[in-house]
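Coordinates as given in start.pdb (PDB, N, CA and C atoms and all ligand atoms):
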```
MODEL        1
ATOM      1  N   MET A   1      28.269  21.313 -23.181
ATOM      2  CA  MET A   1      27.572  20.158 -23.755
ATOM      3  C   MET A   1      28.415  18.903 -23.513
ATOM      4  N   ALA A   2      27.776  17.866 -23.091
ATOM      5  CA  ALA A   2      28.483  16.620 -22.827
ATOM      6  C   ALA A   2      28.991  16.015 -24.133
ATOM      7  N   GLU A   3      30.094  15.350 -24.022
ATOM      8  CA  GLU A   3      30.658  14.682 -25.198
ATOM      9  C   GLU A   3      29.745  13.542 -25.621
ATOM     10  N   ARG A   4      29.520  13.430 -26.904
ATOM     11  CA  ARG A   4      28.707  12.325 -27.411
ATOM     12  C   ARG A   4      29.600  11.417 -28.237
ATOM     13  N   LEU A   5      29.602  10.148 -27.896
ATOM     14  CA  LEU A   5      30.435   9.214 -28.628
ATOM     15  C   LEU A   5      29.803   8.844 -29.954
ATOM     16  N   ILE A   6      28.501   8.708 -29.979
ATOM     17  CA  ILE A   6      27.764   8.407 -31.207
ATOM     18  C   ILE A   6      26.615   9.402 -31.284
ATOM     19  N   GLU A   7      26.482  10.065 -32.413
ATOM     20  CA  GLU A   7      25.445  11.067 -32.576
ATOM     21  C   GLU A   7      24.070  10.492 -32.213
ATOM     22  N   GLY A   8      23.330  11.228 -31.379
ATOM     23  CA  GLY A   8      21.989  10.805 -31.006
ATOM     24  C   GLY A   8      21.918   9.968 -29.749
ATOM     25  N   LEU A   9      23.041   9.523 -29.238
ATOM     26  CA  LEU A   9      23.037   8.728 -28.010
ATOM     27  C   LEU A   9      23.596   9.547 -26.862
ATOM     28  N   GLU A  10      23.014   9.406 -25.702
ATOM     29  CA  GLU A  10      23.514  10.095 -24.522
ATOM     30  C   GLU A  10      24.819   9.446 -24.067
ATOM     31  N   PRO A  11      25.733  10.223 -23.512
ATOM     32  CA  PRO A  11      26.971   9.631 -22.982
ATOM     33  C   PRO A  11      26.658   8.780 -21.765
ATOM     34  N   LEU A  12      27.577   7.896 -21.408
ATOM     35  CA  LEU A  12      27.358   7.031 -20.262
ATOM     36  C   LEU A  12      27.256   7.829 -18.974
ATOM     37  N   ARG A  13      27.934   8.965 -18.901
ATOM     38  CA  ARG A  13      27.841   9.802 -17.715
ATOM     39  C   ARG A  13      27.525  11.229 -18.160
ATOM     40  N   PRO A  14      26.248  11.582 -18.207
ATOM     41  CA  PRO A  14      25.879  12.924 -18.663
ATOM     42  C   PRO A  14      26.330  13.998 -17.675
ATOM     43  N   GLU A  15      26.381  15.230 -18.146
ATOM     44  CA  GLU A  15      26.867  16.355 -17.332
ATOM     45  C   GLU A  15      26.095  16.519 -16.032
ATOM     46  N   TRP A  16      24.797  16.268 -16.044
ATOM     47  CA  TRP A  16      23.971  16.532 -14.864
ATOM     48  C   TRP A  16      24.200  15.511 -13.759
ATOM     49  N   PHE A  17      24.900  14.419 -14.054
ATOM     50  CA  PHE A  17      25.070  13.374 -13.046
ATOM     51  C   PHE A  17      26.447  13.440 -12.413
ATOM     52  N   GLN A  18      26.463  13.752 -11.140
ATOM     53  CA  GLN A  18      27.695  13.724 -10.356
ATOM     54  C   GLN A  18      27.431  12.908  -9.104
ATOM     55  N   GLY A  19      28.476  12.286  -8.630
ATOM     56  CA  GLY A  19      28.331  11.500  -7.411
ATOM     57  C   GLY A  19      27.502  10.268  -7.690
ATOM     58  N   GLY A  20      26.790   9.822  -6.676
ATOM     59  CA  GLY A  20      25.930   8.677  -6.870
ATOM     60  C   GLY A  20      26.545   7.380  -6.400
ATOM     61  N   THR A  21      25.683   6.462  -6.037
ATOM     62  CA  THR A  21      26.123   5.139  -5.600
ATOM     63  C   THR A  21      26.401   4.264  -6.817
ATOM     64  N   ARG A  22      26.905   3.092  -6.555
ATOM     65  CA  ARG A  22      27.191   2.149  -7.649
ATOM     66  C   ARG A  22      25.915   1.812  -8.434
ATOM     67  N   SER A  23      24.816   1.563  -7.735
ATOM     68  CA  SER A  23      23.579   1.218  -8.451
ATOM     69  C   SER A  23      23.061   2.411  -9.243
ATOM     70  N   GLN A  24      23.229   3.626  -8.698
ATOM     71  CA  GLN A  24      22.783   4.818  -9.431
ATOM     72  C   GLN A  24      23.621   5.013 -10.692
ATOM     73  N   LYS A  25      24.915   4.778 -10.584
ATOM     74  CA  LYS A  25      25.779   4.884 -11.764
ATOM     75  C   LYS A  25      25.358   3.867 -12.821
ATOM     76  N   GLY A  26      24.988   2.681 -12.391
ATOM     77  CA  GLY A  26      24.545   1.658 -13.330
ATOM     78  C   GLY A  26      23.267   2.059 -14.032
ATOM     79  N   ASN A  27      22.333   2.642 -13.295
ATOM     80  CA  ASN A  27      21.087   3.095 -13.919
ATOM     81  C   ASN A  27      21.359   4.170 -14.964
ATOM     82  N   VAL A  28      22.219   5.124 -14.629
ATOM     83  CA  VAL A  28      22.541   6.205 -15.574
ATOM     84  C   VAL A  28      23.229   5.640 -16.816
ATOM     85  N   ALA A  29      24.107   4.681 -16.613
ATOM     86  CA  ALA A  29      24.802   4.074 -17.757
ATOM     87  C   ALA A  29      23.815   3.367 -18.691
ATOM     88  N   ARG A  30      22.668   2.949 -18.164
ATOM     89  CA  ARG A  30      21.634   2.312 -18.992
ATOM     90  C   ARG A  30      20.642   3.328 -19.550
ATOM     91  N   GLY A  31      20.927   4.622 -19.330
ATOM     92  CA  GLY A  31      20.074   5.664 -19.887
ATOM     93  C   GLY A  31      18.880   6.001 -19.034
ATOM     94  N   LEU A  32      18.899   5.572 -17.771
ATOM     95  CA  LEU A  32      17.778   5.821 -16.848
ATOM     96  C   LEU A  32      18.130   6.924 -15.857
ATOM     97  N   HIS A  33      17.137   7.368 -15.105
ATOM     98  CA  HIS A  33      17.386   8.237 -13.964
ATOM     99  C   HIS A  33      18.193   7.429 -12.942
ATOM    100  N   PRO A  34      19.003   8.084 -12.110
ATOM    101  CA  PRO A  34      19.791   7.338 -11.128
ATOM    102  C   PRO A  34      18.962   6.412 -10.230
ATOM    103  N   LEU A  35      17.685   6.743  -9.984
ATOM    104  CA  LEU A  35      16.855   5.880  -9.144
ATOM    105  C   LEU A  35      16.167   4.778  -9.952
ATOM    106  N   GLY A  36      16.373   4.751 -11.251
ATOM    107  CA  GLY A  36      15.915   3.625 -12.052
ATOM    108  C   GLY A  36      14.717   3.857 -12.946
ATOM    109  N   SER A  37      14.059   4.993 -12.818
ATOM    110  CA  SER A  37      12.913   5.268 -13.688
ATOM    111  C   SER A  37      13.392   5.853 -15.019
ATOM    112  N   PRO A  38      12.574   5.749 -16.056
ATOM    113  CA  PRO A  38      12.928   6.421 -17.310
ATOM    114  C   PRO A  38      13.032   7.934 -17.092
ATOM    115  N   LEU A  39      13.905   8.561 -17.858
ATOM    116  CA  LEU A  39      14.079  10.009 -17.753
ATOM    117  C   LEU A  39      12.915  10.737 -18.410
ATOM    118  N   LEU A  40      12.582  11.901 -17.881
ATOM    119  CA  LEU A  40      11.542  12.743 -18.468
ATOM    120  C   LEU A  40      12.007  13.279 -19.818
ATOM    121  N   GLY A  41      13.257  13.697 -19.875
ATOM    122  CA  GLY A  41      13.821  14.132 -21.149
ATOM    123  C   GLY A  41      13.504  15.552 -21.547
ATOM    124  N   ILE A  42      13.074  16.390 -20.613
ATOM    125  CA  ILE A  42      12.806  17.796 -20.922
ATOM    126  C   ILE A  42      13.887  18.638 -20.258
ATOM    127  N   PRO A  43      14.720  19.323 -21.040
ATOM    128  CA  PRO A  43      15.804  20.122 -20.464
ATOM    129  C   PRO A  43      15.286  21.123 -19.439
ATOM    130  N   GLY A  44      16.041  21.314 -18.379
ATOM    131  CA  GLY A  44      15.686  22.292 -17.354
ATOM    132  C   GLY A  44      14.809  21.733 -16.249
ATOM    133  N   HIS A  45      14.297  20.539 -16.405
ATOM    134  CA  HIS A  45      13.485  19.911 -15.372
ATOM    135  C   HIS A  45      14.390  18.996 -14.548
ATOM    136  N   THR A  46      14.467  19.269 -13.257
ATOM    137  CA  THR A  46      15.377  18.532 -12.380
ATOM    138  C   THR A  46      14.652  18.054 -11.130
ATOM    139  N   CYS A  47      15.295  17.160 -10.406
ATOM    140  CA  CYS A  47      14.741  16.715  -9.129
ATOM    141  C   CYS A  47      14.510  17.904  -8.191
ATOM    142  N   GLY A  48      15.373  18.904  -8.276
ATOM    143  CA  GLY A  48      15.275  20.045  -7.367
ATOM    144  C   GLY A  48      14.016  20.865  -7.524
ATOM    145  N   SER A  49      13.352  20.782  -8.672
ATOM    146  CA  SER A  49      12.111  21.541  -8.867
ATOM    147  C   SER A  49      10.892  20.628  -8.878
ATOM    148  N   CYS A  50      11.050  19.406  -8.416
ATOM    149  CA  CYS A  50       9.961  18.415  -8.431
ATOM    150  C   CYS A  50       9.241  18.394  -7.082
ATOM    151  N   VAL A  51       7.937  18.259  -7.134
ATOM    152  CA  VAL A  51       7.121  18.235  -5.923
ATOM    153  C   VAL A  51       7.438  17.011  -5.053
ATOM    154  N   HIS A  52       7.988  15.963  -5.640
ATOM    155  CA  HIS A  52       8.291  14.748  -4.890
ATOM    156  C   HIS A  52       9.633  14.787  -4.168
ATOM    157  N   ALA A  53      10.416  15.823  -4.387
ATOM    158  CA  ALA A  53      11.731  15.933  -3.752
ATOM    159  C   ALA A  53      11.593  16.545  -2.368
ATOM    160  N   GLY A  54      12.372  16.052  -1.440
ATOM    161  CA  GLY A  54      12.343  16.594  -0.087
ATOM    162  C   GLY A  54      13.562  16.165   0.689
ATOM    163  N   LYS A  55      13.599  16.578   1.950
ATOM    164  CA  LYS A  55      14.725  16.225   2.812
ATOM    165  C   LYS A  55      14.218  15.471   4.033
ATOM    166  N   THR A  56      15.015  14.516   4.478
ATOM    167  CA  THR A  56      14.697  13.813   5.713
ATOM    168  C   THR A  56      15.078  14.705   6.897
ATOM    169  N   ALA A  57      14.713  14.272   8.079
ATOM    170  CA  ALA A  57      15.059  15.017   9.289
ATOM    171  C   ALA A  57      16.574  15.163   9.429
ATOM    172  N   ARG A  58      17.308  14.238   8.872
ATOM    173  CA  ARG A  58      18.781  14.294   8.933
ATOM    174  C   ARG A  58      19.393  15.066   7.775
ATOM    175  N   GLY A  59      18.544  15.603   6.901
ATOM    176  CA  GLY A  59      19.047  16.436   5.814
ATOM    177  C   GLY A  59      19.389  15.701   4.532
ATOM    178  N   HIS A  60      19.027  14.412   4.450
ATOM    179  CA  HIS A  60      19.292  13.673   3.218
ATOM    180  C   HIS A  60      18.215  14.014   2.193
ATOM    181  N   LYS A  61      18.646  14.330   0.987
ATOM    182  CA  LYS A  61      17.701  14.655  -0.087
ATOM    183  C   LYS A  61      17.124  13.351  -0.629
ATOM    184  N   LYS A  62      15.805  13.271  -0.667
ATOM    185  CA  LYS A  62      15.131  12.039  -1.074
ATOM    186  C   LYS A  62      13.986  12.325  -2.027
ATOM    187  N   CYS A  63      13.642  11.297  -2.799
ATOM    188  CA  CYS A  63      12.433  11.323  -3.611
ATOM    189  C   CYS A  63      11.360  10.583  -2.822
ATOM    190  N   ARG A  64      10.206  11.201  -2.637
ATOM    191  CA  ARG A  64       9.143  10.567  -1.842
ATOM    192  C   ARG A  64       8.592   9.313  -2.518
ATOM    193  N   ILE A  65       8.741   9.209  -3.822
ATOM    194  CA  ILE A  65       8.254   8.035  -4.550
ATOM    195  C   ILE A  65       9.156   6.829  -4.320
ATOM    196  N   ASN A  66      10.446   7.079  -4.263
ATOM    197  CA  ASN A  66      11.419   5.979  -4.196
ATOM    198  C   ASN A  66      12.169   5.938  -2.876
ATOM    199  N   HIS A  67      11.576   6.424  -1.819
ATOM    200  CA  HIS A  67      12.290   6.625  -0.561
ATOM    201  C   HIS A  67      12.582   5.322   0.183
ATOM    202  N   THR A  68      13.854   5.116   0.508
ATOM    203  CA  THR A  68      14.253   4.111   1.484
ATOM    204  C   THR A  68      15.220   4.818   2.429
ATOM    205  N   HIS A  69      15.745   4.091   3.384
ATOM    206  CA  HIS A  69      16.700   4.711   4.309
ATOM    207  C   HIS A  69      18.138   4.617   3.822
ATOM    208  N   GLY A  70      18.349   3.966   2.686
ATOM    209  CA  GLY A  70      19.706   3.796   2.193
ATOM    210  C   GLY A  70      20.153   4.902   1.256
ATOM    211  N   ALA A  71      21.457   4.999   1.063
ATOM    212  CA  ALA A  71      22.034   6.020   0.196
ATOM    213  C   ALA A  71      21.628   5.836  -1.260
ATOM    214  N   ALA A  72      21.226   4.627  -1.639
ATOM    215  CA  ALA A  72      20.868   4.371  -3.032
ATOM    216  C   ALA A  72      19.634   5.147  -3.471
ATOM    217  N   THR A  73      18.865   5.685  -2.534
ATOM    218  CA  THR A  73      17.704   6.491  -2.915
ATOM    219  C   THR A  73      17.896   7.963  -2.583
ATOM    220  N   ASP A  74      19.113   8.353  -2.248
ATOM    221  CA  ASP A  74      19.409   9.790  -2.124
ATOM    222  C   ASP A  74      19.365  10.388  -3.520
ATOM    223  N   ILE A  75      18.934  11.625  -3.608
ATOM    224  CA  ILE A  75      18.919  12.322  -4.896
ATOM    225  C   ILE A  75      19.741  13.598  -4.777
ATOM    226  N   ARG A  76      19.968  14.228  -5.889
ATOM    227  CA  ARG A  76      20.630  15.538  -5.932
ATOM    228  C   ARG A  76      19.747  16.474  -6.727
ATOM    229  N   TRP A  77      19.705  17.707  -6.287
ATOM    230  CA  TRP A  77      18.791  18.689  -6.907
ATOM    231  C   TRP A  77      19.062  18.870  -8.396
ATOM    232  N   LYS A  78      20.313  18.740  -8.826
ATOM    233  CA  LYS A  78      20.665  19.017 -10.226
ATOM    234  C   LYS A  78      20.415  17.842 -11.159
ATOM    235  N   TRP A  79      20.038  16.708 -10.620
ATOM    236  CA  TRP A  79      19.823  15.551 -11.491
ATOM    237  C   TRP A  79      18.636  15.797 -12.430
ATOM    238  N   ALA A  80      18.759  15.314 -13.652
ATOM    239  CA  ALA A  80      17.670  15.406 -14.625
ATOM    240  C   ALA A  80      16.440  14.678 -14.081
ATOM    241  N   ALA A  81      15.276  15.216 -14.389
ATOM    242  CA  ALA A  81      14.027  14.655 -13.854
ATOM    243  C   ALA A  81      13.679  13.311 -14.482
ATOM    244  N   CYS A  82      12.964  12.506 -13.715
ATOM    245  CA  CYS A  82      12.462  11.233 -14.229
ATOM    246  C   CYS A  82      11.019  11.403 -14.704
ATOM    247  N   MET A  83      10.439  10.335 -15.246
ATOM    248  CA  MET A  83       9.088  10.397 -15.815
ATOM    249  C   MET A  83       8.005  10.698 -14.777
ATOM    250  N   HIS A  84       8.318  10.580 -13.481
ATOM    251  CA  HIS A  84       7.329  10.855 -12.435
ATOM    252  C   HIS A  84       7.343  12.321 -11.994
ATOM    253  N   TYR A  85       8.145  13.118 -12.669
ATOM    254  CA  TYR A  85       8.306  14.525 -12.302
ATOM    255  C   TYR A  85       6.976  15.271 -12.295
ATOM    256  N   GLU A  86       6.788  16.090 -11.255
ATOM    257  CA  GLU A  86       5.681  17.045 -11.206
ATOM    258  C   GLU A  86       6.274  18.345 -10.683
ATOM    259  N   ARG A  87       6.053  19.416 -11.399
ATOM    260  CA  ARG A  87       6.683  20.678 -11.044
ATOM    261  C   ARG A  87       6.139  21.198  -9.725
ATOM    262  N   SER A  88       7.050  21.583  -8.843
ATOM    263  CA  SER A  88       6.683  22.150  -7.555
ATOM    264  C   SER A  88       6.119  23.542  -7.756
ATOM    265  N   VAL A  89       5.058  23.874  -7.011
ATOM    266  CA  VAL A  89       4.464  25.212  -7.094
ATOM    267  C   VAL A  89       5.510  26.268  -6.717
ATOM    268  N   ALA A  90       6.390  25.922  -5.810
ATOM    269  CA  ALA A  90       7.432  26.857  -5.369
ATOM    270  C   ALA A  90       8.352  27.250  -6.517
ATOM    271  N   HIS A  91       8.391  26.450  -7.580
ATOM    272  CA  HIS A  91       9.260  26.732  -8.723
ATOM    273  C   HIS A  91       8.483  27.257  -9.908
ATOM    274  N   GLY A  92       7.221  27.651  -9.721
ATOM    275  CA  GLY A  92       6.438  28.256 -10.797
ATOM    276  C   GLY A  92       5.898  27.231 -11.767
ATOM    277  N   GLN A  93       5.255  27.734 -12.794
ATOM    278  CA  GLN A  93       4.589  26.856 -13.767
ATOM    279  C   GLN A  93       5.399  26.669 -15.037
ATOM    280  N   GLY A  94       6.485  27.434 -15.202
ATOM    281  CA  GLY A  94       7.256  27.372 -16.464
ATOM    282  C   GLY A  94       7.945  26.089 -16.562
TER     283      GLY A  94
HETATM  284  S1  LIG B 101       9.827  11.881  -8.947
HETATM  285 FE1  LIG B 101      10.798  13.898  -8.916
HETATM  286  S2  LIG B 101      12.214  13.880  -7.179
HETATM  287 FE2  LIG B 101      11.642  11.762  -7.624
HETATM  288  S3  LIG B 101      13.296  11.000  -8.933
HETATM  289 FE3  LIG B 101      11.636  11.736 -10.273
HETATM  290  S4  LIG B 101      12.117  13.878 -10.736
HETATM  291 FE4  LIG B 101      13.396  13.258  -8.988
ENDMDL
END
```

So, in terms of structure tokens, how does the structure I just supplied come out?
Ligand code: SF4
Amino acid sequence: MAERLIEGLEPLRPEWFQGGTRSQKGNVARGLHPLGSPLLGIPGHTCGSCVHAGKTARGHKKCRINHTHGAATDIRWKWAACMHYERSVAHGQG
């Protein structure tokens, strides 16, 4: 469990967030998903099980909703899901 400085508030860097660009770190510090959308807030739901997650031809993990060619829109499978999350059929209905 991540350390909480004040009960009820998320830490500035939650356990699920590793790596990331400067802008992604800033979004997380504001309580948002690294790409800037509000978090879904349901434990166990991650970018890796979202229908919008994919890889470019060069192998960069991207969100199809927020895709640009820059590193600021790279995602990681373990990141907590954002409000646009839709569960991939490949990951079941649970
Ligand atoms: S839409 Fe899906 S893949 Fe894109 S940032 Fe949100 S949870 Fe991650």

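Take the candidates A:Leu39, A:Met83, A:Ile75, A:Ala29 and check each one against Lys62 of chain A using all atoms listed in the file; the shortest distance goes to A:Ile75.
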
Original post:
Counting all atoms listed in the file, which of A:Ser49, A:Gln18, A:Ser23, A:Thr56 gets nearest to Leu35 of chain A?
Top reply: A:Ser23

Subject >> Contact residues around His52 of chain A with all atoms listed in the file at 6.5 Å, ignoring same-chain residues under 4 positions, as an MDAnalysis selection string >> reply: chainID A and resid 62:65 86

Answer key for the PyMOL selection byres (((not hetatm)) within 5 of (chain B and resi 101)), residues as an mmCIF file with N, CA and C atoms, keeping the file's coordinate frame:
```
data_model
loop_
_atom_site.group_PDB
_atom_site.id
_atom_site.type_symbol
_atom_site.label_atom_id
_atom_site.label_comp_id
_atom_site.auth_asym_id
_atom_site.auth_seq_id
_atom_site.Cartn_x
_atom_site.Cartn_y
_atom_site.Cartn_z
ATOM 1 N N THR A 46 14.467 19.269 -13.257
ATOM 2 C CA THR A 46 15.377 18.532 -12.380
ATOM 3 C C THR A 46 14.652 18.054 -11.130
ATOM 4 N N CYS A 47 15.295 17.160 -10.406
ATOM 5 C CA CYS A 47 14.741 16.715 -9.129
ATOM 6 C C CYS A 47 14.510 17.904 -8.191
ATOM 7 N N CYS A 50 11.050 19.406 -8.416
ATOM 8 C CA CYS A 50 9.961 18.415 -8.431
ATOM 9 C C CYS A 50 9.241 18.394 -7.082
ATOM 10 N N HIS A 52 7.988 15.963 -5.640
ATOM 11 C CA HIS A 52 8.291 14.748 -4.890
ATOM 12 C C HIS A 52 9.633 14.787 -4.168
ATOM 13 N N ALA A 53 10.416 15.823 -4.387
ATOM 14 C CA ALA A 53 11.731 15.933 -3.752
ATOM 15 C C ALA A 53 11.593 16.545 -2.368
ATOM 16 N N CYS A 63 13.642 11.297 -2.799
ATOM 17 C CA CYS A 63 12.433 11.323 -3.611
ATOM 18 C C CYS A 63 11.360 10.583 -2.822
ATOM 19 N N ALA A 81 15.276 15.216 -14.389
ATOM 20 C CA ALA A 81 14.027 14.655 -13.854
ATOM 21 C C ALA A 81 13.679 13.311 -14.482
ATOM 22 N N CYS A 82 12.964 12.506 -13.715
ATOM 23 C CA CYS A 82 12.462 11.233 -14.229
ATOM 24 C C CYS A 82 11.019 11.403 -14.704
ATOM 25 N N HIS A 84 8.318 10.580 -13.481
ATOM 26 C CA HIS A 84 7.329 10.855 -12.435
ATOM 27 C C HIS A 84 7.343 12.321 -11.994
ATOM 28 N N TYR A 85 8.145 13.118 -12.669
ATOM 29 C CA TYR A 85 8.306 14.525 -12.302
ATOM 30 C C TYR A 85 6.976 15.271 -12.295
#
```

Subject >> Coordinates-based distance that separates atom N of Glu15 of chain A from atom C of Ile42 of chain A (Å, one decimal) >> reply: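 About the pair atom C of Ile42 of chain A and atom N of Glu15 of chain A: they are 13.1 Å apart.
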
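Counting from atom CA of His60 of chain A, the distance to atom CA of Gly44 of chain A is 22.6 Å.
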
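A straight line drawn from atom CA of Asn66 of chain A to atom CA of Gly36 of chain A is 9.4 Å long.
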
Original post:
Among chain A, which ones does DSSP place in strand (DSSP E), written as a ChimeraX atom specification?
Top reply: /A:53-55,61-63
